[in-house]
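Trainee: The structure file upload.cif (mmCIF, C-alpha atoms) is provided below.
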```cif
data_structure
loop_
_atom_site.label_atom_id
_atom_site.label_comp_id
_atom_site.auth_asym_id
_atom_site.auth_seq_id
_atom_site.Cartn_x
_atom_site.Cartn_y
_atom_site.Cartn_z
CA MET A 621 119.37 101.19 101.84
CA ILE A 622 115.84 99.90 102.41
CA LEU A 623 115.25 96.19 101.85
CA GLU A 624 111.97 95.69 103.70
CA THR A 625 108.85 96.62 101.70
CA ASP A 626 105.10 96.55 102.29
CA MET A 627 104.53 93.58 99.97
CA PHE A 628 105.44 89.98 100.71
CA LEU A 629 105.99 86.86 98.62
CA ALA A 630 106.29 83.15 99.31
CA GLU A 631 109.73 82.01 98.15
CA HIS A 632 110.42 78.32 97.59
CA ARG A 633 113.59 77.52 99.55
CA ALA A 634 115.00 74.85 97.27
CA SER A 635 114.54 76.65 93.94
CA GLY A 636 114.50 80.33 94.89
CA ARG A 637 111.30 80.72 92.86
CA TYR A 638 108.07 82.37 93.98
CA LEU A 639 104.53 81.11 94.44
CA LYS A 640 101.98 82.02 91.78
CA SER A 641 98.32 81.02 91.54
CA ASP A 642 95.40 81.24 89.17
CA PHE A 643 92.00 79.65 88.67
CA HIS A 644 90.55 77.41 86.01
CA ALA A 645 87.06 76.08 85.45
CA ARG A 646 86.22 72.58 86.53
CA PRO A 647 85.37 70.70 83.35
CA ARG A 648 82.63 68.67 85.01
CA ASP A 649 80.33 71.62 85.66
CA GLY A 650 81.84 74.50 83.70
CA MET A 651 80.85 77.01 86.36
CA ALA A 652 82.88 76.43 89.50
CA TYR A 653 86.54 77.43 89.61
CA GLU A 654 89.42 75.87 91.46
CA PRO A 655 92.89 77.26 92.11
CA TYR A 656 96.13 75.88 90.77
CA TYR A 657 99.67 76.85 91.71
CA TRP A 658 103.14 76.97 90.21
CA LEU A 659 106.52 78.61 90.82
CA VAL A 660 107.86 81.57 88.83
CA PRO A 661 111.38 83.08 88.77
CA ASN A 662 110.13 86.66 88.51
CA PRO A 663 108.99 88.10 91.87
CA PHE A 664 106.98 90.79 90.08
CA ALA A 665 104.80 88.07 88.57
CA ALA A 666 104.24 86.23 91.86
CA ASP A 667 101.31 86.38 94.27
CA VAL A 668 101.55 89.28 96.72
CA LEU A 669 100.11 89.73 100.21
CA TYR A 670 100.38 92.98 102.16
CA SER A 671 101.45 91.42 105.45
CA ARG A 672 103.58 88.55 106.65
CA ARG A 673 100.66 87.47 108.78
CA GLY A 674 98.61 86.77 105.66
CA TRP A 675 101.14 84.25 104.39
CA GLU A 676 101.57 82.74 107.86
CA MET A 677 97.82 82.11 108.03
CA THR A 678 97.88 80.59 104.54
CA PHE A 679 100.63 78.13 105.40
CA ALA A 680 99.01 77.27 108.73
CA SER A 681 95.80 76.26 106.97
CA GLU A 682 94.94 72.62 106.34
CA LYS A 683 92.96 73.64 103.26
CA ASN A 684 94.69 72.35 100.12
CA GLY A 685 97.41 70.93 102.38
CA TRP A 686 99.34 74.17 102.82
CA ASN A 687 100.38 73.19 106.34
CA LEU A 688 102.17 70.17 104.88
CA VAL A 689 104.47 72.28 102.69
CA ALA A 690 104.90 75.32 104.95
CA ASP A 691 108.50 74.43 105.79
CA HIS A 692 109.37 74.54 102.07
CA PHE A 693 108.72 78.28 101.82
CA ASP A 694 110.10 81.52 103.24
CA ILE A 695 108.08 84.73 103.47
CA VAL A 696 110.20 87.47 101.89
CA PRO A 697 109.69 91.14 100.99
CA ARG A 698 108.97 91.87 97.36
CA PRO A 699 111.92 93.71 95.78
CA GLY A 700 111.44 97.45 95.88
CA CYS A 701 113.26 100.72 95.45
CA LYS A 702 116.61 100.35 97.21
CA CYS A 703 116.36 103.94 98.45
CA CYS A 704 112.89 103.95 100.01
CA GLY A 705 111.39 100.47 99.62
CA ALA A 706 108.55 101.64 97.35
CA THR A 707 107.14 98.88 95.16
CA ASN A 708 104.76 100.82 92.92
CA ILE A 709 106.80 102.38 90.09
CA MET A 710 109.98 100.51 89.19
CA LEU A 711 112.66 101.47 86.72
CA HIS A 712 115.25 99.43 84.83
CA ILE A 713 113.97 96.00 85.79
CA ASP A 714 115.78 93.32 83.82
CA MET A 715 113.36 90.41 83.59
CA GLU A 716 116.17 87.98 82.75
CA ARG A 717 118.16 88.57 85.94
CA ASP A 718 117.88 87.48 89.55
CA PHE A 719 115.75 90.04 91.41
CA ARG A 720 116.38 89.07 95.01
CA ASP A 721 118.95 91.80 95.57
CA HIS A 722 118.91 93.75 92.34
CA PRO A 723 120.85 96.96 93.13
CA SER A 724 119.43 99.11 90.33
CA ILE A 725 115.72 98.99 91.23
CA ARG A 726 114.47 102.52 91.89
CA CYS A 727 111.14 104.29 92.14
CA TYR A 728 110.56 107.38 90.02
CA LYS A 729 111.41 109.70 92.92
CA HIS A 730 114.83 108.10 93.42
CA LYS A 731 115.71 107.32 89.81
CA ASP A 732 118.78 109.56 90.08
CA ARG A 733 119.80 108.59 93.63
CA ASN A 734 121.91 105.94 95.34
CA PRO A 735 121.24 104.82 98.93
CA CYS A 736 123.55 104.60 101.91
CA ALA A 737 125.12 101.13 101.95
CA ILE A 738 123.83 100.39 105.46
CA GLU A 739 120.56 98.47 105.57
CA GLY A 740 117.68 100.48 107.00
CA CYS A 741 119.25 103.88 106.38
CA PRO A 742 116.94 106.11 104.29
CA ARG A 743 119.62 108.65 103.34
CA THR A 744 120.53 108.98 99.67
CA THR A 745 123.04 110.76 97.47
CA ALA A 746 122.98 112.01 93.90
CA LEU A 747 123.80 109.39 91.29
CA LYS A 748 127.34 109.83 90.02
CA GLY A 749 127.73 108.61 86.48
CA SER A 750 125.13 106.09 85.37
CA VAL A 751 125.64 103.24 87.84
CA ARG A 752 122.81 102.48 90.25
CA THR A 753 124.21 100.49 93.13
CA THR A 754 123.76 99.93 96.86
CA ASP A 755 127.37 99.81 98.03
CA ALA A 756 129.08 102.91 96.65
CA TRP A 757 128.29 105.41 99.40
CA LEU A 758 128.04 105.81 103.17
CA CYS A 759 126.06 108.71 104.60
CA SER A 760 127.95 111.13 106.87
CA GLU A 761 126.70 109.50 110.07
CA HIS A 762 127.64 105.96 109.07
CA TRP A 763 130.89 107.18 107.52
CA LYS A 764 131.95 108.68 110.85
CA ARG A 765 130.76 105.61 112.73
CA PHE A 766 132.47 102.96 110.61
CA CYS A 767 135.44 104.96 109.32
CA PRO A 768 136.16 107.35 112.21
CA PRO A 769 138.40 110.41 111.84
CA ARG A 770 142.05 109.75 112.75
CA SER A 771 141.45 106.00 112.76
CA ALA A 772 143.71 103.52 110.96
CA ARG A 773 140.82 102.83 108.61
CA ARG A 774 140.49 106.50 107.70
CA ARG A 775 144.25 106.79 107.16
CA ALA A 776 144.16 103.76 104.88
CA TYR A 777 141.32 105.35 102.90
CA ARG A 778 143.19 108.64 102.54
CA SER A 779 146.40 106.87 101.49
CA PHE A 780 144.94 106.06 98.06
CA PHE A 781 144.22 109.72 97.37
CA ASN A 782 147.63 110.77 98.68
CA LYS A 783 149.29 108.33 96.27
CA ALA A 784 147.23 109.72 93.40
CA LYS A 785 148.22 113.26 94.38
CA LYS A 786 151.91 112.32 94.42
CA LEU A 787 151.48 111.01 90.88
CA GLY A 788 150.20 114.43 89.85
CA LEU A 789 146.66 113.18 89.22
CA THR A 790 143.60 115.36 89.69
CA SER A 791 140.05 114.32 90.58
CA LYS A 792 139.24 114.16 86.86
CA ASP A 793 142.14 111.83 85.99
CA ARG A 794 141.86 108.06 85.81
CA TRP A 795 144.02 106.30 88.38
CA PRO A 796 146.54 103.62 87.40
CA VAL A 797 144.94 100.17 87.32
CA GLU A 798 146.88 98.87 90.32
CA LEU A 799 145.93 101.86 92.48
CA GLU A 800 142.28 101.77 91.41
CA ASP A 801 141.99 98.02 91.99
CA GLY A 802 143.52 98.40 95.43
CA TYR A 803 141.08 101.17 96.30
CA TRP A 804 138.01 99.14 95.31
CA ARG A 805 139.25 96.10 97.22
CA PHE A 806 139.65 98.32 100.28
CA TRP A 807 136.19 99.87 99.75
CA ASP A 808 134.53 96.47 99.37
CA LEU A 809 136.12 95.30 102.62
CA LEU A 810 135.09 98.53 104.37
CA ILE A 811 131.44 98.15 103.31
CA ARG A 812 131.27 94.47 104.24
CA ASN A 813 132.80 95.23 107.63
CA ALA A 814 130.42 98.15 108.24
CA ARG A 815 127.38 96.06 107.33
CA ALA A 816 128.53 93.21 109.56
CA LYS A 817 129.05 95.54 112.53
CA HIS A 818 125.70 97.23 111.96
CA ALA A 819 123.92 93.87 111.79
CA ALA A 820 125.72 92.62 114.91
CA THR A 821 124.82 95.64 117.03
CA GLY A 822 121.30 95.96 115.69
CA ALA A 823 121.71 99.71 116.07
CA LEU A 824 118.92 101.87 114.67
CA ASP A 825 119.11 105.52 113.72
CA PRO A 826 116.32 107.76 115.08
CA SER A 827 115.04 108.14 111.51
CA GLU A 828 114.90 104.35 111.17
CA ILE A 829 112.85 104.08 114.38
CA ASN A 830 110.45 106.77 113.14
CA ARG A 831 110.03 104.92 109.85
CA LEU A 832 109.40 101.56 111.50
CA PHE A 833 106.71 102.95 113.81
CA GLY A 834 105.19 105.40 111.35
CA TRP A 835 106.16 108.43 113.42
CA THR A 836 106.88 111.78 111.83
CA GLU A 837 110.03 113.62 112.75
#
```
Please express what this file holds, its structure, as structure tokens.
Mentor:
Amino acid sequence: MILETDMFLAEHRASGRYLKSDFHARPRDGMAYEPYYWLVPNPFAADVLYSRRGWEMTFASEKNGWNLVADHFDIVPRPGCKCCGATNIMLHIDMERDFRDHPSIRCYKHKDRNPCAIEGCPRTTALKGSVRTTDAWLCSEHWKRFCPPRSARRRAYRSFFNKAKKLGLTSKDRWPVELEDGYWRFWDLLIRNARAKHAATGALDPSEINRLFGWTE
């Protein structure tokens, strides 16, 4: 799952809205233009800069008093494809919803893919059903790392399928509500635990390092 993109916004801390600007003519001369600013809820309508440094320089400037309000804003990545971070061609963007972590945003290339649930991992899997999400799958490497073979966690995972098998259910059958609810509670805990451990260790896959530094494998 890729959260960092190559576009950055200024997010107002108190409201969660994003900085937007435009220009209007000064009525006294009709020729010169001056900027005006407001906050918008839609990040795709907000002002974009292509580096964090650009925003940092803006908020460090005394022009228009930006340095006086710098501590009211955070510099955040513009939402992008959750598989690769691309921000050019987006699909299924609901303009009425909160975009800050919208799990269904995809570029055209990944419109039928879901990402690994671990932040920074570029691996993807085919979309099963019609649900685009960011927490339904772990790639093989992160699966082995956070749910190791022969571990108590792996045994707990397998226990749900063993129970379904004892009930005579196949992979095409719907599980009983109690069993299915228990499975998804377990899965949610597994993903949250895996993400927390990954964030705590700061571990990077070789592919992540290559991506960060622009190296080719």
Trainee: Between atom CA of Met677 of chain A and atom CA of His632 of chain A, what is the distance in Å, rounded to a tenth?
Mentor: 16.8 Å
Trainee: From the set A:Ala776, A:Val751, A:Ile738, A:Cys767, which residue has the shortest atom-to-atom contact distance to His818 of chain A, counting all atoms listed in the file?
Mentor: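 Of all the options, A:Ile738 lies closest to His818 of chain A.
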Trainee: Nearest to Arg633 of chain A among A:Ile695, A:Gly705, A:Val668, A:Ser681, with distances taken over all atoms listed in the file: which residue is it?
Mentor: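 When distances to Arg633 of chain A are compared using all atoms listed in the file, the smallest one comes from A:Ile695.
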Trainee: Do you know which residues are at most 10 Å from Leu758 of chain A counting only C-alpha atoms, after dropping those on the same chain fewer than 2 positions away, and could you put them as a list in words?
Mentor: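 In the requested format, the answer is Met621, Asn734, Pro735, Cys736, Ala737, Ile738, Cys741, Arg743, Thr744, Thr745, Thr754, Asp755, Ala756, Ser760, Glu761, His762, Trp763, Lys764, Arg765, Phe766, Cys767, Ile811 and Ala814 of chain A.
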Trainee: Given the choices A:Leu809, A:Cys703, A:Ala680, A:Leu629, which gets closest to Arg726 of chain A if the distance is worked out from only C-alpha atoms?
Mentor: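 Of A:Leu809, A:Cys703, A:Ala680, A:Leu629, the one nearest Arg726 of chain A, counting only C-alpha atoms, is A:Cys703.
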Trainee: Just to confirm, what's the straight-line distance from atom CA of Lys817 of chain A to atom CA of Pro699 of chain A in Å (one decimal)?
Mentor: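 Between atom CA of Lys817 of chain A and atom CA of Pro699 of chain A the gap is 24.0 Å.
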Trainee: Out of A:Val689, A:Ala820, A:Cys704, A:Leu639, which residue has the shortest atom-to-atom distance to Val660 of chain A when counting all atoms listed in the file?
Mentor: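 Using all atoms listed in the file, Val660 of chain A sits closest to A:Leu639.
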Trainee: Dump N, CA and C atoms of segment 766-812 of chain A from the given block, as a PDB file, in the first residue's frame.
Mentor:
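New file out_30.pdb:
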```pdb
ATOM      1  N   PHE A 766       4.550 -11.655   9.483  1.00  0.00           N
ATOM      2  CA  PHE A 766       3.630 -11.280  10.555  1.00  0.00           C
ATOM      3  C   PHE A 766       2.643 -12.380  10.946  1.00  0.00           C
ATOM      4  N   CYS A 767       2.628 -13.465  10.169  1.00  0.00           N
ATOM      5  CA  CYS A 767       1.821 -14.628  10.546  1.00  0.00           C
ATOM      6  C   CYS A 767       2.640 -15.873  10.193  1.00  0.00           C
ATOM      7  N   PRO A 768       3.729 -16.108  10.929  1.00  0.00           N
ATOM      8  CA  PRO A 768       4.706 -17.141  10.566  1.00  0.00           C
ATOM      9  C   PRO A 768       4.121 -18.558  10.584  1.00  0.00           C
ATOM     10  N   PRO A 769       4.644 -19.431   9.737  1.00  0.00           N
ATOM     11  CA  PRO A 769       4.222 -20.837   9.770  1.00  0.00           C
ATOM     12  C   PRO A 769       4.453 -21.441  11.153  1.00  0.00           C
ATOM     13  N   ARG A 770       3.520 -22.275  11.579  1.00  0.00           N
ATOM     14  CA  ARG A 770       3.586 -22.996  12.853  1.00  0.00           C
ATOM     15  C   ARG A 770       3.497 -22.075  14.078  1.00  0.00           C
ATOM     16  N   SER A 771       3.180 -20.819  13.859  1.00  0.00           N
ATOM     17  CA  SER A 771       3.003 -19.904  14.991  1.00  0.00           C
ATOM     18  C   SER A 771       1.580 -20.013  15.526  1.00  0.00           C
ATOM     19  N   ALA A 772       1.368 -19.518  16.746  1.00  0.00           N
ATOM     20  CA  ALA A 772       0.022 -19.515  17.326  1.00  0.00           C
ATOM     21  C   ALA A 772      -0.928 -18.688  16.468  1.00  0.00           C
ATOM     22  N   ARG A 773      -0.392 -17.630  15.880  1.00  0.00           N
ATOM     23  CA  ARG A 773      -1.219 -16.771  15.034  1.00  0.00           C
ATOM     24  C   ARG A 773      -1.673 -17.515  13.785  1.00  0.00           C
ATOM     25  N   ARG A 774      -0.761 -18.285  13.188  1.00  0.00           N
ATOM     26  CA  ARG A 774      -1.133 -19.058  11.998  1.00  0.00           C
ATOM     27  C   ARG A 774      -2.141 -20.148  12.361  1.00  0.00           C
ATOM     28  N   ARG A 775      -1.958 -20.776  13.507  1.00  0.00           N
ATOM     29  CA  ARG A 775      -2.910 -21.815  13.933  1.00  0.00           C
ATOM     30  C   ARG A 775      -4.294 -21.219  14.175  1.00  0.00           C
ATOM     31  N   ALA A 776      -4.323 -20.020  14.750  1.00  0.00           N
ATOM     32  CA  ALA A 776      -5.611 -19.359  14.979  1.00  0.00           C
ATOM     33  C   ALA A 776      -6.288 -19.041  13.646  1.00  0.00           C
ATOM     34  N   TYR A 777      -5.498 -18.607  12.673  1.00  0.00           N
ATOM     35  CA  TYR A 777      -6.038 -18.312  11.344  1.00  0.00           C
ATOM     36  C   TYR A 777      -6.624 -19.571  10.715  1.00  0.00           C
ATOM     37  N   ARG A 778      -5.880 -20.670  10.773  1.00  0.00           N
ATOM     38  CA  ARG A 778      -6.331 -21.911  10.161  1.00  0.00           C
ATOM     39  C   ARG A 778      -7.554 -22.496  10.873  1.00  0.00           C
ATOM     40  N   SER A 779      -7.715 -22.183  12.153  1.00  0.00           N
ATOM     41  CA  SER A 779      -8.817 -22.774  12.918  1.00  0.00           C
ATOM     42  C   SER A 779     -10.178 -22.407  12.332  1.00  0.00           C
ATOM     43  N   PHE A 780     -10.298 -21.220  11.750  1.00  0.00           N
ATOM     44  CA  PHE A 780     -11.579 -20.819  11.160  1.00  0.00           C
ATOM     45  C   PHE A 780     -11.921 -21.698   9.960  1.00  0.00           C
ATOM     46  N   PHE A 781     -10.925 -22.018   9.156  1.00  0.00           N
ATOM     47  CA  PHE A 781     -11.158 -22.849   7.979  1.00  0.00           C
ATOM     48  C   PHE A 781     -11.394 -24.308   8.377  1.00  0.00           C
ATOM     49  N   ASN A 782     -10.731 -24.737   9.448  1.00  0.00           N
ATOM     50  CA  ASN A 782     -10.965 -26.097   9.941  1.00  0.00           C
ATOM     51  C   ASN A 782     -12.394 -26.249  10.454  1.00  0.00           C
ATOM     52  N   LYS A 783     -12.893 -25.217  11.135  1.00  0.00           N
ATOM     53  CA  LYS A 783     -14.275 -25.260  11.624  1.00  0.00           C
ATOM     54  C   LYS A 783     -15.256 -25.310  10.455  1.00  0.00           C
ATOM     55  N   ALA A 784     -14.975 -24.522   9.418  1.00  0.00           N
ATOM     56  CA  ALA A 784     -15.848 -24.519   8.245  1.00  0.00           C
ATOM     57  C   ALA A 784     -15.840 -25.885   7.560  1.00  0.00           C
ATOM     58  N   LYS A 785     -14.662 -26.508   7.516  1.00  0.00           N
ATOM     59  CA  LYS A 785     -14.549 -27.826   6.896  1.00  0.00           C
ATOM     60  C   LYS A 785     -15.337 -28.870   7.677  1.00  0.00           C
ATOM     61  N   LYS A 786     -15.293 -28.785   9.008  1.00  0.00           N
ATOM     62  CA  LYS A 786     -16.041 -29.727   9.845  1.00  0.00           C
ATOM     63  C   LYS A 786     -17.549 -29.571   9.656  1.00  0.00           C
ATOM     64  N   LEU A 787     -17.960 -28.366   9.267  1.00  0.00           N
ATOM     65  CA  LEU A 787     -19.380 -28.123   9.014  1.00  0.00           C
ATOM     66  C   LEU A 787     -19.792 -28.562   7.612  1.00  0.00           C
ATOM     67  N   GLY A 788     -18.824 -29.084   6.860  1.00  0.00           N
ATOM     68  CA  GLY A 788     -19.114 -29.555   5.514  1.00  0.00           C
ATOM     69  C   GLY A 788     -19.190 -28.451   4.483  1.00  0.00           C
ATOM     70  N   LEU A 789     -18.624 -27.287   4.792  1.00  0.00           N
ATOM     71  CA  LEU A 789     -18.686 -26.147   3.881  1.00  0.00           C
ATOM     72  C   LEU A 789     -17.508 -26.158   2.918  1.00  0.00           C
ATOM     73  N   THR A 790     -17.748 -25.743   1.694  1.00  0.00           N
ATOM     74  CA  THR A 790     -16.689 -25.622   0.703  1.00  0.00           C
ATOM     75  C   THR A 790     -16.292 -24.151   0.573  1.00  0.00           C
ATOM     76  N   SER A 791     -15.298 -23.884  -0.270  1.00  0.00           N
ATOM     77  CA  SER A 791     -14.828 -22.506  -0.451  1.00  0.00           C
ATOM     78  C   SER A 791     -15.887 -21.613  -1.087  1.00  0.00           C
ATOM     79  N   LYS A 792     -16.896 -22.219  -1.705  1.00  0.00           N
ATOM     80  CA  LYS A 792     -17.949 -21.441  -2.352  1.00  0.00           C
ATOM     81  C   LYS A 792     -19.141 -21.187  -1.434  1.00  0.00           C
ATOM     82  N   ASP A 793     -19.155 -21.840  -0.278  1.00  0.00           N
ATOM     83  CA  ASP A 793     -20.282 -21.703   0.648  1.00  0.00           C
ATOM     84  C   ASP A 793     -20.090 -20.515   1.584  1.00  0.00           C
ATOM     85  N   ARG A 794     -21.192 -19.896   1.944  1.00  0.00           N
ATOM     86  CA  ARG A 794     -21.157 -18.803   2.922  1.00  0.00           C
ATOM     87  C   ARG A 794     -21.050 -19.382   4.327  1.00  0.00           C
ATOM     88  N   TRP A 795     -20.163 -18.843   5.124  1.00  0.00           N
ATOM     89  CA  TRP A 795     -19.987 -19.319   6.490  1.00  0.00           C
ATOM     90  C   TRP A 795     -21.138 -18.843   7.374  1.00  0.00           C
ATOM     91  N   PRO A 796     -21.394 -19.557   8.466  1.00  0.00           N
ATOM     92  CA  PRO A 796     -22.360 -19.057   9.454  1.00  0.00           C
ATOM     93  C   PRO A 796     -21.927 -17.689   9.966  1.00  0.00           C
ATOM     94  N   VAL A 797     -22.885 -16.869  10.335  1.00  0.00           N
ATOM     95  CA  VAL A 797     -22.601 -15.487  10.734  1.00  0.00           C
ATOM     96  C   VAL A 797     -21.589 -15.421  11.870  1.00  0.00           C
ATOM     97  N   GLU A 798     -21.754 -16.268  12.870  1.00  0.00           N
ATOM     98  CA  GLU A 798     -20.854 -16.230  14.027  1.00  0.00           C
ATOM     99  C   GLU A 798     -19.419 -16.551  13.625  1.00  0.00           C
ATOM    100  N   LEU A 799     -19.247 -17.546  12.757  1.00  0.00           N
ATOM    101  CA  LEU A 799     -17.904 -17.928  12.315  1.00  0.00           C
ATOM    102  C   LEU A 799     -17.294 -16.829  11.444  1.00  0.00           C
ATOM    103  N   GLU A 800     -18.089 -16.263  10.553  1.00  0.00           N
ATOM    104  CA  GLU A 800     -17.583 -15.213   9.667  1.00  0.00           C
ATOM    105  C   GLU A 800     -17.218 -13.952  10.449  1.00  0.00           C
ATOM    106  N   ASP A 801     -18.063 -13.578  11.398  1.00  0.00           N
ATOM    107  CA  ASP A 801     -17.767 -12.399  12.219  1.00  0.00           C
ATOM    108  C   ASP A 801     -16.484 -12.599  13.022  1.00  0.00           C
ATOM    109  N   GLY A 802     -16.314 -13.803  13.559  1.00  0.00           N
ATOM    110  CA  GLY A 802     -15.105 -14.098  14.320  1.00  0.00           C
ATOM    111  C   GLY A 802     -13.861 -14.018  13.456  1.00  0.00           C
ATOM    112  N   TYR A 803     -13.987 -14.512  12.220  1.00  0.00           N
ATOM    113  CA  TYR A 803     -12.849 -14.464  11.302  1.00  0.00           C
ATOM    114  C   TYR A 803     -12.448 -13.029  11.004  1.00  0.00           C
ATOM    115  N   TRP A 804     -13.411 -12.159  10.705  1.00  0.00           N
ATOM    116  CA  TRP A 804     -13.074 -10.786  10.347  1.00  0.00           C
ATOM    117  C   TRP A 804     -12.564  -9.990  11.539  1.00  0.00           C
ATOM    118  N   ARG A 805     -13.020 -10.325  12.736  1.00  0.00           N
ATOM    119  CA  ARG A 805     -12.446  -9.681  13.924  1.00  0.00           C
ATOM    120  C   ARG A 805     -10.987 -10.085  14.089  1.00  0.00           C
ATOM    121  N   PHE A 806     -10.718 -11.381  13.855  1.00  0.00           N
ATOM    122  CA  PHE A 806      -9.335 -11.861  13.929  1.00  0.00           C
ATOM    123  C   PHE A 806      -8.481 -11.187  12.859  1.00  0.00           C
ATOM    124  N   TRP A 807      -9.001 -11.104  11.629  1.00  0.00           N
ATOM    125  CA  TRP A 807      -8.235 -10.514  10.528  1.00  0.00           C
ATOM    126  C   TRP A 807      -7.934  -9.038  10.795  1.00  0.00           C
ATOM    127  N   ASP A 808      -8.919  -8.311  11.295  1.00  0.00           N
ATOM    128  CA  ASP A 808      -8.712  -6.897  11.604  1.00  0.00           C
ATOM    129  C   ASP A 808      -7.611  -6.725  12.648  1.00  0.00           C
ATOM    130  N   LEU A 809      -7.621  -7.572  13.665  1.00  0.00           N
ATOM    131  CA  LEU A 809      -6.585  -7.516  14.696  1.00  0.00           C
ATOM    132  C   LEU A 809      -5.220  -7.872  14.113  1.00  0.00           C
ATOM    133  N   LEU A 810      -5.185  -8.867  13.239  1.00  0.00           N
ATOM    134  CA  LEU A 810      -3.935  -9.280  12.605  1.00  0.00           C
ATOM    135  C   LEU A 810      -3.328  -8.142  11.789  1.00  0.00           C
ATOM    136  N   ILE A 811      -4.154  -7.468  10.997  1.00  0.00           N
ATOM    137  CA  ILE A 811      -3.661  -6.373  10.156  1.00  0.00           C
ATOM    138  C   ILE A 811      -3.188  -5.203  11.008  1.00  0.00           C
ATOM    139  N   ARG A 812      -3.951  -4.843  12.024  1.00  0.00           N
ATOM    140  CA  ARG A 812      -3.548  -3.726  12.885  1.00  0.00           C
ATOM    141  C   ARG A 812      -2.241  -4.035  13.608  1.00  0.00           C
TER     142      ARG A 812
END
```
